[in-house]
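Heads up, query_36.cif below (mmCIF, C-alpha atoms):
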data_entry
loop_
_atom_site.label_atom_id
_atom_site.label_comp_id
_atom_site.auth_asym_id
_atom_site.auth_seq_id
_atom_site.Cartn_x
_atom_site.Cartn_y
_atom_site.Cartn_z
CA MET A 7 0.89 6.50 -33.34
CA LYS A 8 1.85 7.36 -29.78
CA LYS A 9 5.52 6.94 -28.99
CA ILE A 10 6.04 5.49 -25.50
CA PHE A 11 9.10 5.20 -23.27
CA VAL A 12 8.90 2.90 -20.23
CA ALA A 13 11.04 3.54 -17.14
CA GLY A 14 11.44 0.27 -15.30
CA ALA A 15 10.96 -1.63 -18.54
CA THR A 16 12.47 -4.88 -17.25
CA GLY A 17 10.60 -4.91 -13.93
CA TRP A 18 7.57 -6.93 -12.86
CA ALA A 19 4.98 -4.44 -14.11
CA GLY A 20 7.16 -2.63 -16.65
CA SER A 21 7.98 -5.77 -18.63
CA GLU A 22 4.29 -6.66 -19.06
CA ILE A 23 3.44 -3.06 -19.97
CA SER A 24 6.25 -3.08 -22.54
CA ARG A 25 4.91 -6.26 -24.13
CA SER A 26 1.40 -4.84 -24.36
CA ILE A 27 2.54 -1.56 -25.88
CA LEU A 28 4.57 -3.42 -28.47
CA ASN A 29 1.48 -5.43 -29.48
CA HIS A 30 -0.81 -2.39 -29.62
CA ASP A 31 -1.78 -1.06 -33.06
CA GLU A 32 -1.81 2.60 -31.99
CA MET A 33 1.40 2.69 -29.93
CA ILE A 34 5.13 2.40 -30.53
CA LEU A 35 7.60 1.40 -27.83
CA THR A 36 10.71 3.46 -28.60
CA GLY A 37 12.86 2.62 -25.58
CA GLY A 38 13.13 1.84 -21.91
CA LEU A 39 15.00 2.68 -18.74
CA SER A 40 16.92 -0.03 -16.89
CA LEU A 41 19.91 0.68 -14.66
CA SER A 42 21.21 -2.88 -14.92
CA GLN A 43 20.62 -3.41 -18.65
CA ASP A 44 22.01 -0.18 -20.13
CA GLY A 45 22.81 -0.45 -23.82
CA LYS A 46 20.98 -3.72 -24.34
CA ASN A 47 17.98 -4.52 -26.51
CA LEU A 48 14.69 -4.89 -24.62
CA SER A 49 13.32 -7.09 -27.42
CA GLU A 50 15.98 -9.71 -26.69
CA ILE A 51 15.76 -9.48 -22.89
CA LEU A 52 11.99 -10.00 -22.85
CA SER A 53 11.97 -12.33 -25.88
CA LEU A 54 9.63 -9.94 -27.67
CA LYS A 55 8.51 -10.71 -31.18
CA SER A 56 9.89 -7.54 -32.70
CA ASP A 57 12.07 -6.89 -35.73
CA HIS A 58 13.37 -3.58 -34.41
CA THR A 59 15.73 -2.80 -31.56
CA ILE A 60 14.21 -1.28 -28.42
CA PRO A 61 17.20 0.37 -26.71
CA LEU A 62 17.61 0.48 -22.94
CA PHE A 63 19.22 3.42 -21.14
CA LYS A 64 20.49 4.00 -17.62
CA SER A 65 19.27 7.61 -17.43
CA ILE A 66 16.34 9.64 -18.70
CA GLU A 67 18.78 12.22 -20.05
CA ASP A 68 20.43 9.63 -22.31
CA ALA A 69 17.02 8.50 -23.50
CA ILE A 70 15.84 12.01 -24.39
CA GLU A 71 19.02 12.60 -26.39
CA ASN A 72 18.78 9.36 -28.36
CA VAL A 73 15.14 8.38 -28.91
CA GLU A 74 11.87 10.14 -29.61
CA PHE A 75 8.87 9.64 -27.33
CA ASP A 76 5.69 11.49 -26.41
CA ILE A 77 4.80 9.73 -23.17
CA LEU A 78 6.89 8.53 -20.25
CA VAL A 79 5.43 5.60 -18.31
CA ASP A 80 7.26 5.30 -14.98
CA PHE A 81 7.27 2.17 -12.80
CA THR A 82 10.52 2.58 -10.85
CA GLN A 83 11.44 3.71 -7.32
CA PRO A 84 10.38 7.03 -5.72
CA GLU A 85 13.67 8.95 -5.94
CA VAL A 86 14.40 7.68 -9.45
CA ALA A 87 10.84 8.42 -10.51
CA LYS A 88 10.93 12.02 -9.28
CA HIS A 89 14.04 12.72 -11.33
CA ASN A 90 12.59 11.01 -14.40
CA ILE A 91 9.29 12.87 -14.10
CA HIS A 92 10.84 16.29 -13.56
CA THR A 93 13.23 15.83 -16.49
CA ALA A 94 10.47 14.62 -18.82
CA LEU A 95 8.11 17.45 -17.87
CA GLN A 96 10.81 20.05 -18.50
CA LYS A 97 10.99 18.67 -22.05
CA GLY A 98 7.20 18.87 -22.46
CA LYS A 99 6.63 15.12 -22.31
CA LYS A 100 3.40 13.63 -20.98
CA VAL A 101 3.81 11.33 -17.98
CA ILE A 102 1.97 8.35 -16.52
CA ILE A 103 3.05 7.46 -12.98
CA GLY A 104 2.67 3.98 -11.55
CA THR A 105 5.53 4.31 -9.06
CA SER A 106 4.46 4.22 -5.41
CA GLY A 107 6.05 6.13 -2.54
CA LEU A 108 5.59 9.69 -3.87
CA THR A 109 4.15 12.13 -1.33
CA ASP A 110 1.43 14.76 -1.60
CA GLU A 111 4.21 17.36 -1.62
CA ASP A 112 5.86 15.55 -4.54
CA TYR A 113 2.59 15.71 -6.45
CA GLU A 114 2.18 19.41 -5.73
CA GLU A 115 5.58 19.99 -7.36
CA ILE A 116 4.70 17.69 -10.27
CA GLU A 117 1.43 19.53 -10.82
CA ARG A 118 3.22 22.88 -10.85
CA MET A 119 5.73 21.63 -13.44
CA ALA A 120 3.01 20.09 -15.61
CA ASN A 121 1.13 23.38 -15.69
CA GLU A 122 4.27 25.40 -16.37
CA ASN A 123 5.15 23.18 -19.33
CA ASN A 124 1.57 22.86 -20.63
CA THR A 125 1.60 19.09 -20.47
CA SER A 126 -0.24 16.24 -18.74
CA VAL A 127 0.42 13.84 -15.86
CA LEU A 128 -1.79 10.97 -14.75
CA ALA A 129 -0.80 9.31 -11.48
CA ALA A 130 -2.47 6.24 -10.03
CA GLY A 131 -1.50 4.30 -6.95
CA ASN A 132 -3.00 1.29 -8.69
CA PHE A 133 -4.20 0.87 -12.28
CA ALA A 134 -6.46 -2.15 -11.65
CA LEU A 135 -10.17 -1.64 -12.36
CA THR A 136 -11.15 -3.36 -9.10
CA VAL A 137 -9.07 -0.82 -7.16
CA VAL A 138 -10.79 2.03 -9.01
CA LEU A 139 -14.12 0.59 -7.92
CA LEU A 140 -12.95 0.18 -4.31
CA GLN A 141 -11.89 3.84 -4.27
CA LYS A 142 -15.26 4.96 -5.61
CA PHE A 143 -17.22 2.78 -3.18
CA ALA A 144 -15.05 3.95 -0.26
CA GLU A 145 -15.65 7.59 -1.19
CA MET A 146 -19.38 6.91 -1.21
CA ALA A 147 -19.20 5.24 2.21
CA ALA A 148 -17.05 8.00 3.71
CA LYS A 149 -19.83 10.53 3.02
CA TYR A 150 -22.13 8.70 5.42
CA ILE A 151 -19.85 6.85 7.85
CA PRO A 152 -17.50 9.15 9.79
CA HIS A 153 -15.53 6.33 11.45
CA TYR A 154 -13.05 4.37 9.34
CA GLU A 155 -9.46 3.16 9.11
CA ILE A 156 -7.30 1.61 6.37
CA ILE A 157 -5.19 -1.55 6.43
CA ASP A 158 -2.39 -1.94 3.89
CA TYR A 159 -1.07 -5.44 3.10
CA ALA A 160 2.00 -6.18 0.98
CA ASP A 161 4.92 -8.56 0.58
CA ALA A 162 7.69 -8.44 3.17
CA LYS A 163 10.14 -7.11 0.58
CA LYS A 164 8.10 -4.00 -0.28
CA ILE A 165 10.21 -1.11 0.98
CA ASP A 166 7.67 1.71 0.87
CA ALA A 167 4.80 2.10 3.30
CA PRO A 168 2.06 2.78 2.80
CA SER A 169 1.67 1.45 -0.72
CA GLY A 170 0.82 3.87 -3.49
CA THR A 171 -2.67 2.39 -3.56
CA VAL A 172 -3.26 3.18 0.11
CA ALA A 173 -1.58 6.59 -0.02
CA GLU A 174 -3.87 7.61 -2.87
CA LEU A 175 -6.92 6.17 -1.09
CA ALA A 176 -6.14 8.09 2.12
CA TYR A 177 -5.68 11.30 0.14
CA ARG A 178 -8.99 10.86 -1.65
CA LEU A 179 -11.02 9.89 1.42
CA SER A 180 -9.64 12.84 3.37
CA LYS A 181 -11.18 15.12 0.73
CA VAL A 182 -14.60 13.54 1.40
CA GLN A 183 -14.60 13.47 5.21
CA LYS A 184 -11.81 12.90 7.68
CA PRO A 185 -12.76 10.23 10.21
CA LYS A 186 -13.75 11.00 13.77
CA LEU A 187 -11.89 9.34 16.64
CA SER A 188 -13.67 8.44 19.86
CA VAL A 189 -10.28 8.51 21.61
CA ALA A 190 -7.56 10.84 20.33
CA ILE A 191 -4.32 9.08 19.39
CA ASP A 192 -2.36 11.12 21.93
CA ASP A 193 -4.79 10.00 24.65
CA THR A 194 -4.14 6.32 23.93
CA ILE A 195 -3.00 4.44 27.04
CA GLY A 196 -0.10 2.09 26.38
CA ASN A 197 1.84 2.17 23.11
CA LYS A 198 0.05 4.67 20.87
CA GLU A 199 2.13 3.56 17.86
CA THR A 200 -0.05 0.45 17.70
CA ARG A 201 -2.84 2.72 16.46
CA GLY A 202 -1.00 3.09 13.16
CA ALA A 203 0.23 6.16 11.29
CA THR A 204 -1.92 9.22 10.74
CA ILE A 205 -1.97 10.00 7.01
CA ASN A 206 -4.17 12.85 5.82
CA GLY A 207 -6.01 12.58 9.14
CA ILE A 208 -6.70 8.85 8.68
CA GLN A 209 -5.26 5.94 10.67
CA VAL A 210 -3.35 3.60 8.35
CA HIS A 211 -1.88 0.23 9.36
CA ALA A 212 0.77 -1.36 7.10
CA VAL A 213 1.35 -5.13 7.20
CA ARG A 214 4.44 -6.50 5.45
CA LEU A 215 4.64 -10.31 5.37
CA PRO A 216 5.65 -13.09 2.94
CA GLY A 217 2.72 -14.55 1.05
CA HIS A 218 1.04 -11.21 0.39
CA THR A 219 1.10 -9.52 -3.01
CA LEU A 220 -0.99 -6.41 -2.40
CA ALA A 221 -4.27 -5.88 -0.58
CA VAL A 222 -6.13 -2.97 0.95
CA GLU A 223 -9.03 -2.89 3.41
CA THR A 224 -11.10 0.13 4.31
CA ILE A 225 -13.07 -0.64 7.47
CA PHE A 226 -16.07 1.55 8.30
CA GLY A 227 -17.90 1.34 11.61
CA LEU A 228 -21.12 2.60 13.15
CA LYS A 229 -22.78 1.52 16.39
CA GLY A 230 -24.07 -2.00 15.85
CA GLU A 231 -22.77 -2.35 12.27
CA LYS A 232 -19.63 -2.31 10.12
CA LEU A 233 -18.67 -2.29 6.44
CA ILE A 234 -15.44 -3.77 5.06
CA LEU A 235 -14.29 -2.98 1.51
CA ARG A 236 -11.30 -5.08 0.41
CA HIS A 237 -9.22 -5.47 -2.72
CA ASP A 238 -6.70 -8.28 -3.28
CA SER A 239 -4.16 -8.42 -6.08
CA GLY A 240 -2.96 -11.63 -7.64
CA GLU A 241 0.57 -12.28 -8.84
CA SER A 242 -0.13 -11.23 -12.44
CA ALA A 243 0.55 -7.71 -13.70
CA GLU A 244 -2.26 -8.00 -16.26
CA PRO A 245 -4.80 -5.85 -14.30
CA TYR A 246 -2.31 -2.98 -14.20
CA VAL A 247 -1.49 -3.29 -17.89
CA LYS A 248 -5.10 -2.71 -18.91
CA GLY A 249 -5.26 0.43 -16.79
CA VAL A 250 -1.99 1.81 -18.16
CA LEU A 251 -3.13 1.30 -21.76
CA LEU A 252 -6.34 3.17 -20.93
CA ALA A 253 -4.27 5.97 -19.40
CA ILE A 254 -2.08 6.21 -22.50
CA LYS A 255 -5.15 6.44 -24.73
CA ASN A 256 -6.62 9.29 -22.66
CA ILE A 257 -3.54 11.29 -21.62
CA ASP A 258 -4.25 13.85 -24.37
CA THR A 259 -7.71 14.72 -23.01
CA PHE A 260 -6.52 17.10 -20.26
CA LYS A 261 -3.68 19.33 -19.05
CA GLY A 262 -2.03 19.43 -15.64
CA LEU A 263 -2.15 16.65 -13.03
CA ARG A 264 -4.86 14.09 -12.43
CA ARG A 265 -4.70 11.50 -9.67
CA GLY A 266 -6.54 8.22 -10.01
CA LEU A 267 -7.43 6.17 -13.07
CA ASP A 268 -11.10 7.04 -12.55
CA SER A 269 -10.31 10.68 -13.36
CA ILE A 270 -10.29 9.70 -17.04
CA MET A 271 -13.12 7.15 -16.86
CA GLU A 272 -16.87 7.53 -17.13
CA PHE A 273 -19.13 6.11 -14.41
#
What do you get writing this file as structure tokens?
Amino acid sequence: MKKIFVAGATGWAGSEISRSILNHDEMILTGGLSLSQDGKNLSEILSLKSDHTIPLFKSIEDAIENVEFDILVDFTQPEVAKHNIHTALQKGKKVIIGTSGLTDEDYEEIERMANENNTSVLAAGNFALTVVLLQKFAEMAAKYIPHYEIIDYADAKKIDAPSGTVAELAYRLSKVQKPKLSVAIDDTIGNKETRGATINGIQVHAVRLPGHTLAVETIFGLKGEKLILRHDSGESAEPYVKGVLLAIKNIDTFKGLRRGLDSIMEF
């Protein structure tokens, strides 16, 4: 039985992940992190059908001192997540990261710590299967189409930009082929900021408006033709839950850092 601790256990994604872990035959939910619900019982807060108490803590240090767990699943905020991840890795815990907003430099540090402590980290900007497929298809397209840009859509209240999904996509596509620009950004006449941000050599445009949950478009263009790959998320966290459970099942199959759910999947 794998013992799991969920940081962000009362959040939108974390609460659904907690429910699914509790109902899984091969996993035990031993506790959760919640700054606002410290000392309370997650079973009662989420109305879980459980006979045992699932304690909530305000810090990862308190959790490590009071409960046993093998795997940290983190769905919090970037600064909180970095502290949680570093602390867990120093204790030899395995980590699954669903928090967005971490940078490539953050992941370089996380990879170093994972290797030093002989443990495993799986990070995914998005755990939905349809996003995994979009990433794979976009990587295929980027091999043959050297002109592309990314559009990132999210709710107006999302504070990080780009989303973790788009940050991971830009990182991955840059490893295939960085796009060519017919006009350099610095040569743009007018307001060059309207051309978006350059992330890993790729132009990324972030839209933040009410009515959006999460969507990503990768637009490829050649003379006389174009290809648009788009993913849209609904309001349910269920697609992410399935991916996280798959990550938990496979976290023991490697050491170090892997980015992307597809890194543990067969295609």
Next on the checklist: Using Å and a single decimal, report how far CA of Ala130 (chain A) sits from CA of Leu267 (chain A).
Outcome noted: 5.8 Å
Next on the checklist: Restricting the calculation to all atoms listed in the file: of A:Leu251, A:Ile165, A:Ile156, A:Ile77, which residue gets closest to Gln209 (chain A)?
Outcome noted: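 Closest residue, counting all atoms listed in the file: A:Ile156.
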Checklist entry - Hey, can you check how far CA of Gln183 (chain A) sits from CA of Asp112 (chain A)? => result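 If I compute the distance from CA of Gln183 (chain A) to CA of Asp112 (chain A), I get 22.8 Å.
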Checklist entry - Quick one: distance from CA of Ser269 (chain A) to CA of Gln96 (chain A) in Å, one decimal? => result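 Here the two named atoms are 23.7 Å from each other.
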Next on the checklist: Take the PyMOL selection byres ((chain A and resi 42-57) around 9), run it mentally on this structure, and tell me the resulting residues as a PyMOL selection string.
Outcome noted: chain A and resi 15-16+21+24-25+28-29+37-41+58-65
Per-residue nearest contacts region 76-159 of chain A to region 258-262 of chain A, cut-off 6 Å, using all atoms listed in the file, as JSON lines:
{"residue": "A:Glu117", "atom": "CA", "partner": "A:Gly262", "partner_atom": "CA", "distance": 5.9}
{"residue": "A:Ala120", "atom": "CA", "partner": "A:Gly262", "partner_atom": "CA", "distance": 5.1}
{"residue": "A:Asn121", "atom": "CA", "partner": "A:Gly262", "partner_atom": "CA", "distance": 5.1}
{"residue": "A:Thr125", "atom": "CA", "partner": "A:Lys261", "partner_atom": "CA", "distance": 5.5}
{"residue": "A:Ser126", "atom": "CA", "partner": "A:Lys261", "partner_atom": "CA", "distance": 4.6}
Next on the checklist: Can you translate the PyMOL selection byres ((chain A and resi 78) around 8) into the concrete residues it hits in this file, as a ChimeraX atom specification?
Outcome noted: /A:10-13,75-77,79-80,91,94,99-102
Atom completion result for region 55-72 of chain A (N, CA, C and O atoms) as an mmCIF file, in the frame of the given file:
data_model
loop_
_atom_site.group_PDB
_atom_site.id
_atom_site.type_symbol
_atom_site.label_atom_id
_atom_site.label_comp_id
_atom_site.auth_asym_id
_atom_site.auth_seq_id
_atom_site.Cartn_x
_atom_site.Cartn_y
_atom_site.Cartn_z
ATOM 1 N N LYS A 55 8.560 -10.457 -29.748
ATOM 2 C CA LYS A 55 8.510 -10.710 -31.180
ATOM 3 C C LYS A 55 8.538 -9.376 -31.916
ATOM 4 O O LYS A 55 7.508 -8.814 -32.300
ATOM 5 N N SER A 56 9.731 -8.842 -32.076
ATOM 6 C CA SER A 56 9.890 -7.540 -32.700
ATOM 7 C C SER A 56 11.112 -7.557 -33.604
ATOM 8 O O SER A 56 12.163 -8.102 -33.243
ATOM 9 N N ASP A 57 10.963 -6.940 -34.773
ATOM 10 C CA ASP A 57 12.070 -6.890 -35.730
ATOM 11 C C ASP A 57 12.993 -5.706 -35.460
ATOM 12 O O ASP A 57 14.092 -5.644 -36.008
ATOM 13 N N HIS A 58 12.540 -4.746 -34.632
ATOM 14 C CA HIS A 58 13.370 -3.580 -34.410
ATOM 15 C C HIS A 58 13.937 -3.568 -32.993
ATOM 16 O O HIS A 58 13.371 -4.144 -32.063
ATOM 17 N N THR A 59 15.069 -2.906 -32.845
ATOM 18 C CA THR A 59 15.730 -2.800 -31.560
ATOM 19 C C THR A 59 15.009 -1.799 -30.663
ATOM 20 O O THR A 59 14.637 -0.714 -31.113
ATOM 21 N N ILE A 60 14.798 -2.180 -29.414
ATOM 22 C CA ILE A 60 14.210 -1.280 -28.420
ATOM 23 C C ILE A 60 15.308 -1.000 -27.397
ATOM 24 O O ILE A 60 15.542 -1.817 -26.490
ATOM 25 N N PRO A 61 16.020 0.119 -27.542
ATOM 26 C CA PRO A 61 17.200 0.370 -26.710
ATOM 27 C C PRO A 61 16.852 0.664 -25.248
ATOM 28 O O PRO A 61 15.837 1.282 -24.944
ATOM 29 N N LEU A 62 17.739 0.205 -24.363
ATOM 30 C CA LEU A 62 17.610 0.480 -22.940
ATOM 31 C C LEU A 62 18.692 1.475 -22.509
ATOM 32 O O LEU A 62 19.830 1.412 -22.980
ATOM 33 N N PHE A 63 18.312 2.384 -21.615
ATOM 34 C CA PHE A 63 19.220 3.420 -21.140
ATOM 35 C C PHE A 63 19.264 3.410 -19.618
ATOM 36 O O PHE A 63 18.329 2.958 -18.955
ATOM 37 N N LYS A 64 20.358 3.943 -19.071
ATOM 38 C CA LYS A 64 20.490 4.000 -17.620
ATOM 39 C C LYS A 64 19.990 5.327 -17.042
ATOM 40 O O LYS A 64 19.837 5.442 -15.824
ATOM 41 N N SER A 65 19.749 6.311 -17.916
ATOM 42 C CA SER A 65 19.270 7.610 -17.430
ATOM 43 C C SER A 65 18.257 8.182 -18.398
ATOM 44 O O SER A 65 18.310 7.930 -19.610
ATOM 45 N N ILE A 66 17.340 8.992 -17.862
ATOM 46 C CA ILE A 66 16.340 9.640 -18.700
ATOM 47 C C ILE A 66 16.976 10.653 -19.626
ATOM 48 O O ILE A 66 16.496 10.883 -20.743
ATOM 49 N N GLU A 67 18.088 11.259 -19.198
ATOM 50 C CA GLU A 67 18.780 12.220 -20.050
ATOM 51 C C GLU A 67 19.317 11.552 -21.310
ATOM 52 O O GLU A 67 19.180 12.088 -22.424
ATOM 53 N N ASP A 68 19.924 10.373 -21.146
ATOM 54 C CA ASP A 68 20.430 9.630 -22.310
ATOM 55 C C ASP A 68 19.287 9.271 -23.249
ATOM 56 O O ASP A 68 19.433 9.349 -24.482
ATOM 57 N N ALA A 69 18.164 8.890 -22.683
ATOM 58 C CA ALA A 69 17.020 8.500 -23.500
ATOM 59 C C ALA A 69 16.500 9.675 -24.320
ATOM 60 O O ALA A 69 16.234 9.541 -25.525
ATOM 61 N N ILE A 70 16.361 10.828 -23.695
ATOM 62 C CA ILE A 70 15.840 12.010 -24.390
ATOM 63 C C ILE A 70 16.759 12.427 -25.521
ATOM 64 O O ILE A 70 16.301 12.885 -26.573
ATOM 65 N N GLU A 71 18.055 12.233 -25.345
ATOM 66 C CA GLU A 71 19.020 12.600 -26.390
ATOM 67 C C GLU A 71 19.003 11.636 -27.572
ATOM 68 O O GLU A 71 19.349 12.023 -28.690
ATOM 69 N N ASN A 72 18.592 10.389 -27.337
ATOM 70 C CA ASN A 72 18.780 9.360 -28.360
ATOM 71 C C ASN A 72 17.521 8.781 -28.984
ATOM 72 O O ASN A 72 17.598 8.192 -30.063
#
